[in-house]
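Colleague: I'd like to ask you about the structure that follows.
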Amino acid sequence: MTSPGVPLDDKPSATVRCQENPSVDVTFCDRFSFDADSVHYAVELRAPGLTARVDEVVAWIWDSDLTTFLEELAAEYRGWDGERSWQTNDRDLTVSAVFRSGGHVGLTWSVRPWPQAVGCWGASVTTWLEAGEQMTSLAADVRRFLTAEQP
């Protein structure tokens, strides 16, 4: 389930919670921009025993967009074979999607800051959502987060 939000500090955010285990979630937050060509934001992963955060994920206006990837998955609510994936240009955020019988999509969110550096770390969590309405809602929430006006 997704929950768009404006937390108490009035900063835009979007959170996706795992339908099967609500203690597993991914939050997009702390969005900022230096210019009209990109949006920078943080991604936080949480699961029992895990909290991981990457501070400067970059979405470029000319790049393949996360929201487009999520919207395409939502449009195929009847399912697909195999795994589909998307990643940022810098490869610090990767999302893999699988379809499971019963109409559920498993999204594995992986963060890895400085992926080219020696000794870097990585973390991932998987959220399960209903293929139709919950995926459509997630895509809309992420689009709103990435395109919201700066305060």
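Ordering of the structure tokens sets the chain letters (A, B, ...); residue numbers start at 1 within each chain; ligands are numbered from 1 in the order shown.
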What are the DSSP strand (DSSP E or B) residues of chain A, as an MDAnalysis selection string?

Modeller: chainID A and resid 2:5 13:17 25:32 38:47 50:60 83:87 93:100 104:111 123:130

Colleague: Using only C-alpha atoms, which residues of stretch 43-84 of chain A come within 12 Å of stretch 12-21 of chain A, and what is the closest atom pair for each, with the distance in Å to one decimal? Give it as JSON lines, sorted by chain and residue number.

Modeller:
```
{"residue": "A:Val43", "atom": "CA", "partner": "A:Thr15", "partner_atom": "CA", "distance": 9.6}
{"residue": "A:Glu44", "atom": "CA", "partner": "A:Thr15", "partner_atom": "CA", "distance": 9.2}
{"residue": "A:Leu45", "atom": "CA", "partner": "A:Thr15", "partner_atom": "CA", "distance": 9.8}
{"residue": "A:Arg46", "atom": "CA", "partner": "A:Arg17", "partner_atom": "CA", "distance": 9.5}
{"residue": "A:Ala47", "atom": "CA", "partner": "A:Asn21", "partner_atom": "CA", "distance": 8.9}
{"residue": "A:Pro48", "atom": "CA", "partner": "A:Asn21", "partner_atom": "CA", "distance": 9.8}
```

Colleague: Can you write out the residues you just picked, keeping C-alpha atoms, as a PDB file, in the first residue's frame?

Modeller:
```
ATOM      1  CA  VAL A  43      15.532   6.818  -0.560  1.00  0.00           C
ATOM      2  CA  GLU A  44      15.080   5.056   2.773  1.00  0.00           C
ATOM      3  CA  LEU A  45      14.567   1.295   3.110  1.00  0.00           C
ATOM      4  CA  ARG A  46      13.178  -0.184   6.314  1.00  0.00           C
ATOM      5  CA  ALA A  47      12.567  -3.756   7.403  1.00  0.00           C
ATOM      6  CA  PRO A  48      12.921  -5.571  10.734  1.00  0.00           C
TER       7      PRO A  48
END
```

Colleague: I need the residue nearest A:Ala123 from this list: A:Asp81, A:Asp141, A:Asp92, A:Glu76. Use only C-alpha atoms for the distance.

Modeller: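 Using only C-alpha atoms, A:Ala123 sits closest to A:Asp92.
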
Colleague: Using atom CA of A:Asp25 and atom CA of A:Thr147 as the two end points, give the distance in Å to one decimal.

Modeller: 21.4 Å

Colleague: Just checking: using only C-alpha atoms, which residue out of A:Arg100, A:Arg84, A:Arg53, A:Arg112 ends up closest to A:Leu70?

Modeller: A:Arg84

Colleague: State, in Å with one decimal place, the distance from atom CA of A:Glu71 to atom CA of A:Ala139.

Modeller: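 One can read the atom CA of A:Glu71 to atom CA of A:Ala139 distance as 5.5 Å.
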
Colleague: Taking 2 positions as the minimum chain separation for residues in the same chain, which residues sit within 10 Å of A:Ala75 when counting only C-alpha atoms? Answer as a list in words.

Modeller: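 Answer for this query is Leu70, Glu71, Glu72, Leu73, Tyr77, Arg78, Gly79, Ala131, Gly132, Glu133, Met135 and Thr136 of chain A.
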
Colleague: Could those residues be written to a file, using all heavy atoms, as a short mmCIF file (atom, residue, chain, number, x, y, z; two decimals), in the first residue's frame?

Modeller:
```cif
data_model
loop_
_atom_site.label_atom_id
_atom_site.label_comp_id
_atom_site.auth_asym_id
_atom_site.auth_seq_id
_atom_site.Cartn_x
_atom_site.Cartn_y
_atom_site.Cartn_z
N LEU A 70 7.00 2.37 -13.29
CA LEU A 70 5.91 1.94 -12.40
C LEU A 70 4.56 1.99 -13.11
O LEU A 70 3.71 1.10 -12.93
CB LEU A 70 5.89 2.80 -11.14
CG LEU A 70 7.12 2.68 -10.24
CD1 LEU A 70 7.09 3.72 -9.13
CD2 LEU A 70 7.26 1.27 -9.68
N GLU A 71 4.33 3.01 -13.95
CA GLU A 71 3.07 3.11 -14.70
C GLU A 71 2.93 1.96 -15.69
O GLU A 71 1.83 1.42 -15.88
CB GLU A 71 3.00 4.46 -15.42
CG GLU A 71 2.77 5.61 -14.48
CD GLU A 71 3.02 6.97 -15.09
OE1 GLU A 71 3.58 7.07 -16.20
OE2 GLU A 71 2.66 7.97 -14.42
N GLU A 72 4.03 1.57 -16.33
CA GLU A 72 3.99 0.43 -17.25
C GLU A 72 3.65 -0.86 -16.52
O GLU A 72 2.88 -1.68 -17.02
CB GLU A 72 5.32 0.31 -18.00
CG GLU A 72 5.54 1.41 -19.00
CD GLU A 72 6.95 1.45 -19.57
OE1 GLU A 72 7.81 0.64 -19.14
OE2 GLU A 72 7.20 2.29 -20.45
N LEU A 73 4.22 -1.04 -15.33
CA LEU A 73 3.89 -2.23 -14.53
C LEU A 73 2.41 -2.21 -14.14
O LEU A 73 1.73 -3.24 -14.21
CB LEU A 73 4.75 -2.28 -13.27
CG LEU A 73 6.25 -2.46 -13.45
CD1 LEU A 73 6.94 -2.41 -12.09
CD2 LEU A 73 6.57 -3.76 -14.18
N TYR A 77 -1.57 -5.11 -15.33
CA TYR A 77 -2.09 -5.70 -14.10
C TYR A 77 -2.47 -7.17 -14.26
O TYR A 77 -2.67 -7.87 -13.27
CB TYR A 77 -3.29 -4.90 -13.57
CG TYR A 77 -4.45 -4.84 -14.52
CD1 TYR A 77 -5.45 -5.80 -14.47
CD2 TYR A 77 -4.54 -3.83 -15.47
CE1 TYR A 77 -6.51 -5.76 -15.35
CE2 TYR A 77 -5.61 -3.77 -16.34
CZ TYR A 77 -6.58 -4.74 -16.28
OH TYR A 77 -7.63 -4.69 -17.15
N ARG A 78 -2.54 -7.66 -15.48
CA ARG A 78 -2.84 -9.09 -15.69
C ARG A 78 -1.59 -9.95 -15.64
O ARG A 78 -1.68 -11.16 -15.71
CB ARG A 78 -3.57 -9.27 -17.01
CG ARG A 78 -4.96 -8.68 -16.94
CD ARG A 78 -5.80 -9.14 -18.09
NE ARG A 78 -7.16 -8.70 -17.87
CZ ARG A 78 -7.89 -8.07 -18.76
NH1 ARG A 78 -7.40 -7.81 -19.96
NH2 ARG A 78 -9.12 -7.70 -18.47
N GLY A 79 -0.46 -9.30 -15.56
CA GLY A 79 0.78 -10.04 -15.35
C GLY A 79 1.72 -10.08 -16.53
O GLY A 79 1.39 -9.65 -17.63
N ALA A 131 -1.52 -5.86 -8.07
CA ALA A 131 -1.08 -5.44 -9.39
C ALA A 131 -1.85 -4.23 -9.93
O ALA A 131 -1.27 -3.39 -10.61
CB ALA A 131 -1.20 -6.61 -10.37
N GLY A 132 -3.09 -4.10 -9.67
CA GLY A 132 -3.89 -3.02 -10.26
C GLY A 132 -3.83 -1.70 -9.53
O GLY A 132 -2.96 -0.86 -9.76
N GLU A 133 -4.78 -1.51 -8.63
CA GLU A 133 -4.97 -0.22 -7.98
C GLU A 133 -3.77 0.21 -7.13
O GLU A 133 -3.38 1.37 -7.14
CB GLU A 133 -6.23 -0.25 -7.12
CG GLU A 133 -6.61 1.11 -6.57
CD GLU A 133 -7.93 1.08 -5.85
OE1 GLU A 133 -8.85 0.36 -6.30
OE2 GLU A 133 -8.03 1.77 -4.83
N MET A 135 -0.58 -0.59 -7.50
CA MET A 135 0.53 -0.20 -8.39
C MET A 135 0.24 1.15 -9.04
O MET A 135 1.13 1.99 -9.16
CB MET A 135 0.77 -1.26 -9.46
CG MET A 135 1.54 -2.47 -8.98
SD MET A 135 3.20 -2.07 -8.36
CE MET A 135 3.93 -1.29 -9.78
N THR A 136 -0.99 1.37 -9.45
CA THR A 136 -1.37 2.65 -10.07
C THR A 136 -1.20 3.78 -9.06
O THR A 136 -0.68 4.85 -9.38
CB THR A 136 -2.83 2.59 -10.57
OG1 THR A 136 -2.91 1.55 -11.55
CG2 THR A 136 -3.27 3.91 -11.17
#
```

Colleague: Could you pull the residues within 7 Å of A:Ser85, counting only C-alpha atoms, minus those fewer than 6 positions along the same chain, as a PyMOL selection string?

Modeller: chain A and resi 95-97

Colleague: Using only C-alpha atoms, which residue out of A:Thr108, A:Thr51, A:Thr67, A:Ser137 lies closest to A:Thr94?

Modeller: A:Thr108

Colleague: Kindly indicate which residue among A:Ala59, A:Leu50, A:Leu138, A:Leu93 lies nearest to A:Val105, using only C-alpha atoms for the distances.

Modeller: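 The shortest atom-to-atom distance to A:Val105 comes from A:Leu138.
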
Colleague: When you count only C-alpha atoms, which of these residues is closest to A:Trp128: A:Ala148, A:Phe69, A:Pro22, A:Arg31?

Modeller: A:Pro22
